[in-house]
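K.L.:
Contents of structure24.cif (mmCIF, C-alpha atoms and all ligand atoms):
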```cif
data_input
loop_
_atom_site.label_atom_id
_atom_site.label_comp_id
_atom_site.auth_asym_id
_atom_site.auth_seq_id
_atom_site.Cartn_x
_atom_site.Cartn_y
_atom_site.Cartn_z
CA MET A 1 58.20 -60.41 4.80
CA VAL A 2 56.70 -59.61 1.40
CA ILE A 3 53.63 -61.34 0.05
CA ASP A 4 52.74 -61.73 -3.61
CA CYS A 5 49.54 -60.83 -5.44
CA LYS A 6 48.04 -64.33 -5.38
CA HIS A 7 48.49 -64.45 -1.65
CA VAL A 8 46.73 -61.11 -1.29
CA TRP A 9 43.75 -62.31 -3.37
CA ASN A 10 43.07 -65.00 -0.78
CA HIS A 11 42.66 -62.32 1.84
CA ILE A 12 40.45 -59.87 -0.07
CA SER A 13 37.28 -61.01 1.69
CA GLY A 14 38.86 -61.09 5.12
CA TYR A 15 40.25 -57.64 4.49
CA LEU A 16 36.83 -56.27 3.54
CA ASP A 17 35.22 -57.85 6.62
CA ASP A 18 38.16 -56.88 8.81
CA THR A 19 38.60 -60.41 10.10
CA LEU A 20 42.32 -60.79 9.32
CA SER A 21 44.89 -61.10 12.07
CA ALA A 22 46.78 -57.88 12.74
CA GLU A 23 49.91 -59.38 11.20
CA VAL A 24 48.28 -60.49 7.93
CA LYS A 25 46.29 -57.29 7.70
CA GLU A 26 49.46 -55.25 7.83
CA LEU A 27 51.13 -57.33 5.10
CA VAL A 28 48.08 -56.98 2.88
CA GLN A 29 47.90 -53.26 3.52
CA GLU A 30 51.54 -52.76 2.64
CA HIS A 31 51.09 -54.70 -0.58
CA LEU A 32 47.98 -52.73 -1.52
CA GLU A 33 49.83 -49.47 -1.15
CA HIS A 34 52.10 -50.18 -4.08
CA CYS A 35 50.18 -52.72 -6.15
CA GLU A 36 47.71 -51.17 -8.57
CA ILE A 37 46.18 -54.47 -9.62
CA CYS A 38 45.41 -55.68 -6.12
CA SER A 39 44.02 -52.26 -5.16
CA ALA A 40 41.77 -52.40 -8.21
CA ILE A 41 40.60 -55.89 -7.24
CA LEU A 42 39.84 -54.73 -3.74
CA ASP A 43 38.00 -51.62 -4.92
CA SER A 44 36.00 -53.45 -7.54
CA THR A 45 35.00 -56.21 -5.10
CA ARG A 46 33.88 -53.68 -2.50
CA ASN A 47 32.06 -51.75 -5.20
CA ILE A 48 30.23 -54.84 -6.43
CA LEU A 49 29.11 -55.66 -2.89
CA ILE A 50 27.69 -52.16 -2.56
CA LEU A 51 25.84 -52.46 -5.88
CA THR A 52 24.41 -55.94 -5.23
CA ALA A 53 23.19 -54.86 -1.78
CA ASP A 54 21.60 -51.72 -3.23
CA GLU A 55 17.84 -51.78 -2.63
CA ARG A 56 17.22 -50.82 -6.24
CA THR A 57 19.06 -53.82 -7.66
CA PHE A 58 16.34 -56.32 -6.79
CA GLU A 59 12.87 -54.89 -7.12
CA LEU A 60 9.64 -56.15 -5.64
CA PRO A 61 7.10 -57.14 -8.32
CA LEU A 62 4.17 -54.79 -8.79
CA GLY A 63 1.40 -55.50 -6.30
CA PHE A 64 3.53 -57.88 -4.26
CA SER A 65 2.77 -56.19 -0.98
CA GLU A 66 -1.00 -55.98 -1.61
CA ARG A 67 -1.21 -59.67 -2.52
CA LEU A 68 0.87 -60.66 0.49
CA HIS A 69 -1.20 -58.70 3.00
CA ALA A 70 -4.46 -59.90 1.47
CA ARG A 71 -3.28 -63.48 1.90
CA LEU A 72 -2.17 -62.77 5.46
CA SER A 73 -5.54 -61.22 6.27
CA GLU A 74 -7.29 -64.43 5.21
CA GLU A 75 -5.09 -66.34 7.59
CA ILE A 76 -5.30 -63.86 10.43
CA GLU A 77 -9.05 -63.48 10.26
CA GLY A 78 -9.25 -67.20 10.74
CA ILE A 79 -10.77 -68.27 7.45
CA ARG A 80 -8.79 -71.39 8.15
CA PRO A 81 -8.10 -72.59 11.69
CA ALA A 82 -4.51 -72.10 12.76
CA PRO A 83 -2.82 -75.49 12.96
CA SER A 84 -1.62 -76.26 16.45
CA LYS A 85 1.38 -78.34 15.46
CA SER A 86 4.61 -76.43 15.35
CA ASP A 87 6.30 -77.08 12.04
CA MET O 1 30.60 -60.86 20.43
CA ILE O 2 27.28 -59.21 21.17
CA GLU O 3 24.39 -60.26 19.00
CA ARG O 4 21.53 -57.83 18.93
CA GLY O 5 18.24 -59.40 19.82
CA THR O 6 14.83 -58.43 18.59
CA THR O 7 14.15 -54.69 18.82
CA PRO O 8 11.93 -53.45 21.71
CA GLY O 9 9.30 -52.35 19.19
CA GLU O 10 9.23 -55.81 17.69
CA GLU O 11 9.07 -57.46 21.10
CA GLN O 12 6.01 -55.40 21.96
CA LEU O 13 4.36 -56.20 18.67
CA ILE O 14 5.04 -59.91 19.07
CA ALA O 15 3.67 -59.92 22.62
CA SER O 16 0.59 -58.08 21.45
CA ILE O 17 0.03 -60.45 18.51
CA LEU O 18 0.38 -63.47 20.76
CA GLY O 19 -1.97 -61.78 23.20
CA GLY O 20 -4.71 -61.75 20.58
CA ASN O 21 -4.07 -58.71 18.37
CA SER O 22 -3.28 -60.89 15.39
CA HIS O 23 -3.78 -58.10 12.86
CA GLU O 24 -0.62 -56.43 14.15
CA PHE O 25 1.32 -59.11 12.32
CA HIS O 26 0.96 -56.91 9.22
CA ALA O 27 2.99 -54.19 10.91
CA LEU O 28 5.56 -56.62 12.27
CA ILE O 29 6.52 -57.97 8.88
CA ARG O 30 6.29 -54.82 6.76
CA PRO O 31 10.01 -53.97 7.10
CA TYR O 32 10.95 -57.45 5.87
CA GLU O 33 8.86 -57.84 2.73
CA ARG O 34 11.74 -57.01 0.48
CA THR O 35 14.28 -59.06 2.43
CA VAL O 36 12.18 -62.21 2.21
CA TYR O 37 11.28 -61.74 -1.45
CA VAL O 38 14.83 -60.97 -2.60
CA MET O 39 16.11 -63.98 -0.75
CA ALA O 40 13.50 -66.25 -2.35
CA LEU O 41 14.18 -64.75 -5.78
CA THR O 42 17.93 -65.15 -5.65
CA LEU O 43 17.55 -68.76 -4.49
CA LEU O 44 14.77 -69.78 -6.89
CA LYS O 45 15.62 -67.53 -9.86
CA ASN O 46 11.96 -67.24 -10.77
CA GLU O 47 9.58 -64.41 -9.82
CA ALA O 48 6.42 -66.48 -9.49
CA ASP O 49 8.10 -69.11 -7.32
CA ALA O 50 9.75 -66.40 -5.27
CA GLU O 51 6.43 -64.71 -4.53
CA ASP O 52 4.85 -68.03 -3.55
CA VAL O 53 7.71 -68.91 -1.26
CA ALA O 54 7.71 -65.43 0.27
CA GLN O 55 3.98 -65.73 1.08
CA GLU O 56 4.48 -69.21 2.51
CA ALA O 57 7.36 -68.02 4.66
CA PHE O 58 5.28 -65.20 6.14
CA LEU O 59 2.33 -67.51 6.76
CA LYS O 60 4.58 -70.00 8.46
CA ALA O 61 6.07 -67.24 10.59
CA PHE O 62 2.57 -66.18 11.64
CA ARG O 63 1.51 -69.74 12.50
CA ASN O 64 4.70 -70.42 14.44
CA LEU O 65 5.18 -67.06 16.10
CA LYS O 66 4.57 -68.58 19.54
CA ASN O 67 7.72 -70.66 19.04
CA PHE O 68 9.88 -67.62 18.33
CA ARG O 69 12.41 -66.98 21.07
CA ALA O 70 13.22 -63.37 21.77
CA GLU O 71 16.93 -64.00 22.30
CA SER O 72 17.39 -64.30 18.55
CA LYS O 73 16.61 -61.56 16.08
CA PHE O 74 13.17 -61.70 14.52
CA SER O 75 14.73 -60.96 11.12
CA THR O 76 17.15 -63.88 11.44
CA TRP O 77 14.33 -66.20 12.42
CA LEU O 78 12.31 -65.05 9.43
CA ILE O 79 15.29 -65.53 7.15
CA SER O 80 15.75 -69.11 8.41
CA ILE O 81 12.11 -69.88 7.64
CA THR O 82 12.50 -68.40 4.16
CA LEU O 83 15.65 -70.38 3.50
CA ASN O 84 13.89 -73.62 4.49
CA GLU O 85 10.86 -72.82 2.35
CA ALA O 86 13.07 -72.03 -0.65
CA ARG O 87 15.16 -75.16 -0.19
CA SER O 88 12.13 -77.42 0.00
CA ARG O 89 10.66 -75.73 -3.09
CA LEU O 90 13.94 -76.35 -4.93
CA ARG O 91 13.82 -80.01 -3.90
CA ARG O 92 10.22 -80.38 -5.03
CA LYS O 93 10.86 -78.92 -8.46
CA SER O 94 11.80 -82.20 -10.06
CA ALA O 95 11.85 -80.66 -13.54
CA VAL O 96 14.86 -78.61 -12.56
CA PRO O 97 17.88 -80.66 -11.60
CA MET O 98 18.75 -79.94 -7.99
CA GLU O 99 21.92 -77.95 -7.62
CA SER O 100 24.54 -79.71 -5.61
CA LEU O 101 25.12 -78.60 -2.05
CA ASP O 102 28.36 -80.55 -1.91
CA GLU O 103 31.55 -78.65 -1.41
CA PRO O 104 33.49 -78.77 -4.66
CA SER O 105 37.07 -79.96 -4.50
CA ASP O 106 39.55 -77.21 -3.83
CA GLU O 107 40.70 -77.20 -7.44
CA GLN O 108 37.22 -76.30 -8.72
CA GLY O 109 36.52 -74.00 -5.86
CA HIS O 110 39.47 -71.74 -6.47
CA VAL O 111 38.56 -68.48 -8.17
CA SER O 112 40.96 -65.87 -9.46
CA PRO O 113 39.70 -62.30 -9.70
CA ALA O 114 39.52 -60.23 -12.86
CA LEU O 115 42.76 -58.32 -13.25
CA LEU O 116 41.77 -54.80 -14.12
CA ARG O 117 44.43 -52.21 -13.67
CA ASP O 118 42.42 -49.06 -14.29
CA TRP O 119 39.29 -49.89 -12.34
CA ARG O 120 37.30 -46.87 -11.44
CA GLU O 121 34.28 -46.89 -9.22
CA ILE O 122 30.88 -47.43 -10.77
CA PRO O 123 28.60 -44.72 -9.43
CA SER O 124 25.64 -45.98 -7.46
CA GLU O 125 23.37 -44.07 -9.86
CA SER O 126 24.19 -46.70 -12.45
CA VAL O 127 21.81 -49.08 -10.62
CA GLU O 128 18.96 -46.96 -11.99
CA ARG O 129 19.78 -48.40 -15.41
CA LEU O 130 17.90 -51.60 -16.18
CA GLU O 131 20.92 -52.98 -18.01
CA VAL O 132 23.06 -52.69 -14.90
CA ARG O 133 20.38 -54.19 -12.63
CA GLN O 134 20.05 -57.14 -14.98
CA LEU O 135 23.80 -57.73 -15.05
CA LEU O 136 23.92 -57.68 -11.26
CA GLN O 137 20.90 -59.96 -10.83
CA GLN O 138 22.06 -62.47 -13.38
CA ALA O 139 25.54 -62.61 -11.89
CA VAL O 140 24.18 -63.28 -8.40
CA GLU O 141 21.77 -65.93 -9.71
CA ASP O 142 24.56 -67.69 -11.58
CA ILE O 143 26.73 -68.31 -8.52
CA PRO O 144 26.49 -72.02 -7.57
CA LEU O 145 23.82 -72.50 -4.87
CA ILE O 146 26.23 -73.42 -2.09
CA TYR O 147 28.06 -70.10 -2.48
CA ARG O 148 24.95 -68.11 -3.37
CA GLU O 149 23.24 -68.98 -0.07
CA THR O 150 26.18 -67.64 1.88
CA PHE O 151 26.45 -64.54 -0.26
CA ILE O 152 22.73 -63.73 0.04
CA LEU O 153 22.70 -64.04 3.82
CA ARG O 154 25.90 -62.16 4.47
CA ASP O 155 26.15 -59.57 1.70
CA ILE O 156 22.54 -58.97 0.67
CA GLU O 157 20.64 -59.63 3.90
CA GLU O 158 23.61 -58.36 5.91
CA LEU O 159 23.66 -61.04 8.59
CA SER O 160 26.87 -61.28 10.58
CA ILE O 161 29.30 -64.09 9.77
CA HIS O 162 28.13 -65.88 12.93
CA GLU O 163 24.45 -65.52 12.09
CA THR O 164 25.15 -66.75 8.57
CA ALA O 165 26.93 -69.82 9.94
CA GLU O 166 24.08 -70.52 12.34
CA THR O 167 21.37 -70.07 9.74
CA LEU O 168 23.10 -72.39 7.28
CA GLY O 169 24.24 -74.85 9.93
CA ILE O 170 27.86 -74.64 8.83
CA SER O 171 31.06 -73.48 10.53
CA VAL O 172 32.29 -69.91 10.60
CA ALA O 173 35.36 -71.06 8.65
CA SER O 174 33.14 -72.49 5.90
CA VAL O 175 31.18 -69.25 5.74
CA LYS O 176 34.40 -67.33 5.19
CA VAL O 177 35.61 -69.67 2.44
CA ARG O 178 32.27 -69.74 0.64
CA LEU O 179 31.82 -66.02 0.93
CA HIS O 180 35.25 -65.35 -0.46
CA ARG O 181 34.63 -67.58 -3.47
CA ALA O 182 31.22 -66.04 -4.12
CA ARG O 183 32.68 -62.55 -4.01
CA MET O 184 35.56 -63.47 -6.29
CA MET O 185 33.15 -65.09 -8.76
CA LEU O 186 31.15 -61.86 -8.85
CA GLN O 187 34.23 -59.68 -9.15
CA LYS O 188 35.64 -61.81 -11.94
CA ARG O 189 32.44 -61.60 -13.94
CA LEU O 190 31.10 -58.19 -13.07
CA ALA O 191 34.17 -55.98 -12.91
CA PRO O 192 34.83 -56.18 -16.68
CA GLN O 193 31.10 -55.96 -17.52
CA LEU O 194 30.42 -52.96 -15.32
CA LYS O 195 33.46 -51.21 -16.65
CA GLN O 196 32.08 -51.52 -20.17
CA VAL O 197 28.54 -50.38 -19.49
CA ASN O 198 29.66 -47.15 -17.93
CA PRO O 199 30.57 -44.45 -20.42
CA LYS O 200 33.42 -42.29 -19.16
CA ARG O 201 31.44 -39.07 -19.10
CA ARG O 202 29.13 -40.59 -16.51
CA TRP O 203 31.88 -41.04 -13.92
CA LEU O 204 31.03 -39.16 -10.82
CA PRO O 205 33.12 -38.90 -7.71
CA TRP O 206 31.61 -40.86 -4.84
CA SER O 207 32.86 -42.82 -1.96
ZN ZN Q 1 49.31 -57.26 -6.00
#
```
Show me the file's structure as structure tokens.
P.N.:
Amino acid sequence: MVIDCKHVWNHISGYLDDTLSAEVKELVQEHLEHCEICSAILDSTRNILILTADERTFELPLGFSERLHARLSEEIEGIRPAPSKSD
Amino acid sequence: MIERGTTPGEEQLIASILGGNSHEFHALIRPYERTVYVMALTLLKNEADAEDVAQEAFLKAFRNLKNFRAESKFSTWLISITLNEARSRLRRKSAVPMESLDEPSDEQGHVSPALLRDWREIPSESVERLEVRQLLQQAVEDIPLIYRETFILRDIEELSIHETAETLGISVASVKVRLHRARMMLQKRLAPQLKQVNPKRRWLPWS
């Protein structure tokens, strides 16, 4: 059985996460071997996931950590009583 | 499947904090500062709101630490708290119309990828360029909320598909569909843009 490009596009995510059934995976793999466009789609998608997950892509604002820990210290040192209800 | 629980180091810290060494909470949350902030930022699309929500999430985690159950991961628990804080902030911001959390009809939901034949990999060094970081950030922020939530949890915070489903309270099948659409939306938009911002001489082999 041969599958077309549009069919392969539906499985790009599953292929990247390796959640496809063995049968579908094999069909997709075969298609990728000789289809430049689908290989490029797969590579670019994987590449974009790597770039968006890169720690440098989203930066912490300057002083974020200092402000956070200062605020936590206020809480921890009991400037306000810890509420006992659990929301 | 085996879900990893909280790490032994974290378990000790949590026990110690609950036992009265409250100041150790600083150490417990240090590895997650970025995780919580990035999540708040990508949901709220505003730095000031994101910082507020991040602080609130950590405070809430501190106040509710006694309710944390060690069979789940501390990071996943923290992420759930952050998601709830961000969602309630989004609801409260009446000036900004709330983004729909309804599943669009299949017609609207279908996304075709960008068809680039000669795609070459963008080197990871390119992230050092502000222009590239801005393209990436904007593209993530522009995904509709329903897909963005799934993408953030799975592909940025690196939760498993099961953890993502649990955190969002949706099925594993829905996670897969939403994730696929989010990824295709990003590919469609970013693949052509990233190709253009990278001059050929900067190509470097990497894998
Ligand atoms: Zn193809």
K.L.:
Please give me, as a list of chain:residue names, the residues lying within 6 Å of ligand ZN 1 (chain Q) when counting only C-alpha atoms and all ligand atoms.
P.N.:
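These are the residues that qualify: A:Cys5, A:Cys35, A:Ile37, A:Cys38.
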K.L.:
Counting all atoms listed in the file, a student should be able to say which residues of chain O come within 6 Å of chain A; what is the right answer, written as a CSV table (one decimal) with C-alpha atoms, in the coordinates of the input?
P.N.:
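What landed in selection_17.csv:
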```csv
chain,number,residue,atom,x,y,z
O,55,GLN,CA,4.0,-65.7,1.1
O,117,ARG,CA,44.4,-52.2,-13.7
O,119,TRP,CA,39.3,-49.9,-12.3
O,133,ARG,CA,20.4,-54.2,-12.6
O,156,ILE,CA,22.5,-59.0,0.7
O,180,HIS,CA,35.2,-65.4,-0.5
O,187,GLN,CA,34.2,-59.7,-9.2
```
K.L.:
Looking at O:Lys45, O:Lys60, O:Lys195, O:Arg181, which one is nearest to Arg120 in chain O, with distances taken over only C-alpha atoms?
P.N.:
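Checking each of O:Lys45, O:Lys60, O:Lys195, O:Arg181 against Arg120 in chain O, counting only C-alpha atoms, the winner is O:Lys195.
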K.L.:
So which residues touch Val28 in chain A within 9 Å, counting only C-alpha atoms, skipping near sequence neighbours fewer than 4 positions away, as a PyMOL selection string?
P.N.:
chain A and resi 3+7-8+11-12+15+23-24+32-33
K.L.:
Mind dumping the selected residues with C-alpha atoms as a compact mmCIF listing (two decimals), in the frame of the given file?
P.N.:
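Once written, selection_35.txt looks like this:
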```
# COMPACT_ATOMS: atom_id res chain seq x y z
CA ILE A 3 53.63 -61.34 0.05
CA HIS A 7 48.49 -64.45 -1.65
CA VAL A 8 46.73 -61.11 -1.29
CA HIS A 11 42.66 -62.32 1.84
CA ILE A 12 40.45 -59.87 -0.07
CA TYR A 15 40.25 -57.64 4.49
CA GLU A 23 49.91 -59.38 11.20
CA VAL A 24 48.28 -60.49 7.93
CA LEU A 32 47.98 -52.73 -1.52
CA GLU A 33 49.83 -49.47 -1.15
```
K.L.:
Distance CA of Arg92 in chain O-CA of Thr167 in chain O, one decimal place?
P.N.:
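Taking CA of Arg92 in chain O and CA of Thr167 in chain O, their separation equals 21.2 Å.
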K.L.:
Extract, using all atoms listed in the file, all DNA, RNA and protein residues at most 9 Å from range 39-43 of chain O, discarding same-chain residues fewer than 4 positions from it, and format them as an MDAnalysis selection string.
P.N.:
(chainID A and resid 58) or (chainID O and resid 34:35 47:54 79 82:83 85:87 90 137 140:141 145 148:149 152:153 156:157)
K.L.:
Please, what distance in Å, to one decimal, runs between CA of Glu71 in chain O and CA of Pro31 in chain O?
P.N.:
19.5 Å
K.L.:
Skipping near chain neighbours, those fewer than 6 positions away, what residues fall within 12 Å of Arg178 in chain O using all atoms listed in the file, listed as a PyMOL selection string?
P.N.:
(chain A and resi 10+13-14) or (chain O and resi 101-104+106+109-111+143-155+161+164-165+168+170-172+184-185)
K.L.:
So that I can see what lies close to Lys188 in chain O, please list as a list in words the residues with an atom at most 8 Å from it, counting only C-alpha atoms and leaving out residues fewer than 6 positions away in the same chain.
P.N.:
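Once the nearby chain positions are removed, what remains is Ser112, Pro113 and Ala114 of chain O.
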K.L.:
Measure the distance from CA of Thr6 in chain O to CA of Glu163 in chain O in Å and round it to one decimal.
P.N.:
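A separation of 13.6 Å between them.
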K.L.:
Axis-aligned box over every listed atom of range 165-182 of chain O, padded by 3 Å per side: centre and edges in Å to one decimal, as JSON?
P.N.:
```
{"center_x": 28.5, "center_y": -70.1, "center_z": 4.1, "size_x": 20.2, "size_y": 15.5, "size_z": 22.5}
```
